[in-house]
Amino acid sequence: MKELLRALTSRQSAERRRVICDWLNRWQFDFEVERFTSGNLRGANIYVPPEQEMQKVVVLSAHYDGPGAYDNAGGVAALLLFLKNCRLETRPISFSTCFFDLEESFQAGSRHFCTTRTRDGLIERAALISHIEIDGCGIGDRLVRFHNVRHLRLHRGRHFLDVPFTGDSLEFQNIGIPSLRLTTLPLREATILIRKKVFPPTWLLLHTARDRLSLISPETLHRTAAELGPLVTRPQRAKKASIVLHSSDWRSNA
Ligand SMILES: [Zn+2]
């Protein structure tokens with residue numbers, strides 16, 4: 001696990017991509033690397049199609065651009081763990097998995113997917129019923145669910161902070177798909193975020209050099225991976241915005 005995380009926090013995007021592809025090969029998943037351009041940026045998304053022809057498909061995703069550990073090597077690692085567990089258990093769940101590139105560049109990777117692949121290719125637009133992503137994973141002992149959130153207004157000290165909730169979730173919401181973002185946080189931060197709309201101090205790490213591997217708890221990644229199964233089999237269909245503390249007992253991990 002340490003080795004996987006270290007590679008996923010590489011500064012080289014090609015190296016992070018190689019690690020994901022190696023893992024998928026190791027567990028014998030079919031996948032496709034799709035290269036695309038957005039303005040003068042070049043990216044590559046990695047797609048794992050549904051195992052069977054499905055009438056209803058849930059898209060599971062994590063973005064792999066950027067070298068941050070919590071954002072988002074942890075999210076990618078949790079999704080890879082989930083895939084491995086599915087392979088071992090051969091559970092027939094209808095989902096397609098995407099590792100998106102260029103999330104930090106106005107989510108160009110997921111926009112490319114939402115505007116091209118759902119129209120002519122991987123997934124019939126009509127079949128796509130729900131999106132779940134992991135973004136920010138490995139710190140803390142609680143999973144927070146952001147359903148269809150586009151924008152947050154949070155307290156930070158005596159001020160209000162407008163937090164545009166950008167990210168891959170937004171692109172799915174923009175094409176009318178209910179979207180759930182999963183993030184882990186320490187219980188106290190998760191609680192005051194939900195009850196009092198207080199900015200979680202953990203998020204100060206985002207996009208800084210302090211978002212390092214040493215902060216990541218492998219236990220939290222395993223637990224997140226374990227929570228994905230039930231969420232995928234019972235995907236949300238509602239488009240109402242809400243923030244929910246996911247009910248699971250992770251307390252031993254604090
Ligand atoms: Zn992120």
# chains A, B, ... in the order shown; residues from 1 in each chain; ligands from 1

$ residues_around --residues "A:Leu41" --least-positions-apart "3" --cutoff "10 Å" --atoms "only C-alpha atoms" --output "PyMOL selection string"
chain A and resi 36-38+102+105+108

$ closest_atom_pairs --of "chain A" --to "ligand 1" --cutoff "6 Å" --atoms "only C-alpha atoms and all ligand atoms" --output "JSON lines"
{"residue": "A:Asp71", "atom": "CA", "partner": "ligand 1", "partner_atom_place_in_ligand_line": "1 (Zn)", "distance": 4.7}
{"residue": "A:Asn72", "atom": "CA", "partner": "ligand 1", "partner_atom_place_in_ligand_line": "1 (Zn)", "distance": 5.4}
{"residue": "A:Asp135", "atom": "CA", "partner": "ligand 1", "partner_atom_place_in_ligand_line": "1 (Zn)", "distance": 4.9}
{"residue": "A:Gly136", "atom": "CA", "partner": "ligand 1", "partner_atom_place_in_ligand_line": "1 (Zn)", "distance": 5.9}

$ closest_atom_pairs --of "stretch 48-102 of chain A" --to "stretch 23-33 of chain A" --cutoff "8 Å" --atoms "only C-alpha atoms" --output "Markdown table"
| residue | atom | partner | partner_atom | distance |
| --- | --- | --- | --- | --- |
| A:Val48 | CA | A:Phe31 | CA | 4.4 |
| A:Pro49 | CA | A:Phe31 | CA | 6.7 |
| A:Leu80 | CA | A:Trp23 | CA | 7.5 |
| A:Lys84 | CA | A:Trp27 | CA | 6.4 |
| A:Arg87 | CA | A:Trp27 | CA | 7.0 |

$ residues_around --residues "A:His112" --least-positions-apart "2" --cutoff "10 Å" --atoms "only C-alpha atoms" --output "PDB file with C-alpha atoms, in the first residue's frame"
ATOM      1  CA  GLU A  34      -8.104   7.914 -23.848  1.00  0.00           C
ATOM      2  CA  ARG A  35      -5.926  10.869 -24.684  1.00  0.00           C
ATOM      3  CA  PHE A  36      -7.538  14.240 -25.261  1.00  0.00           C
ATOM      4  CA  THR A  37      -6.681  17.897 -25.531  1.00  0.00           C
ATOM      5  CA  SER A  38      -8.306  20.862 -23.847  1.00  0.00           C
ATOM      6  CA  GLY A  43      -4.626  14.798 -20.743  1.00  0.00           C
ATOM      7  CA  ASN A  45      -8.420   9.514 -18.885  1.00  0.00           C
ATOM      8  CA  PHE A 100      -9.886  11.384 -14.678  1.00  0.00           C
ATOM      9  CA  ASP A 101      -6.996  13.582 -15.677  1.00  0.00           C
ATOM     10  CA  GLN A 107     -12.149  19.459 -14.673  1.00  0.00           C
ATOM     11  CA  ALA A 108     -11.227  19.094 -18.349  1.00  0.00           C
ATOM     12  CA  GLY A 109     -10.986  15.304 -18.060  1.00  0.00           C
ATOM     13  CA  SER A 110     -14.487  14.671 -16.764  1.00  0.00           C
ATOM     14  CA  CYS A 114     -19.346  13.814 -20.109  1.00  0.00           C
ATOM     15  CA  THR A 115     -19.506  15.588 -23.451  1.00  0.00           C
ATOM     16  CA  THR A 116     -18.121  12.850 -25.695  1.00  0.00           C
ATOM     17  CA  ARG A 117     -18.239   9.410 -24.130  1.00  0.00           C
ATOM     18  CA  THR A 118     -21.783   9.568 -22.888  1.00  0.00           C
ATOM     19  CA  GLU A 171     -19.538  18.051 -14.871  1.00  0.00           C
TER      20      GLU A 171
END

$ closest_residue --among "A:Phe165, A:Glu51, A:Lys197, A:Gln173" --to "A:Cys86" --atoms "only C-alpha atoms"
A:Glu51

$ residues_around --residues "A:Cys137" --least-positions-apart "2" --cutoff "6 Å" --atoms "only C-alpha atoms" --output "list in words"
Tyr70, Gly74, Gly75, Ile139, Thr183 and Thr184 of chain A

$ residues_around --residues "A:Ile129" --least-positions-apart "4" --cutoff "8 Å" --atoms "only C-alpha atoms" --output "PyMOL selection string"
chain A and resi 56-58+177-178+237

$ write_last_selection --atoms "C-alpha atoms" --output "compact mmCIF listing (two decimals), in the first residue's frame"
# COMPACT_ATOMS: atom_id res chain seq x y z
CA LYS A 56 -28.25 1.15 -15.87
CA VAL A 57 -24.73 2.25 -15.19
CA VAL A 58 -23.19 4.09 -12.26
CA ILE A 177 -26.75 13.27 -13.55
CA PRO A 178 -27.11 13.01 -9.74
CA ARG A 237 -31.33 9.18 -7.97

$ residues_around --residues "A:Val198" --least-positions-apart "2" --cutoff "6 Å" --atoms "only C-alpha atoms" --output "list in words"
Leu154, His155, Ile192, Leu193 and Lys196 of chain A
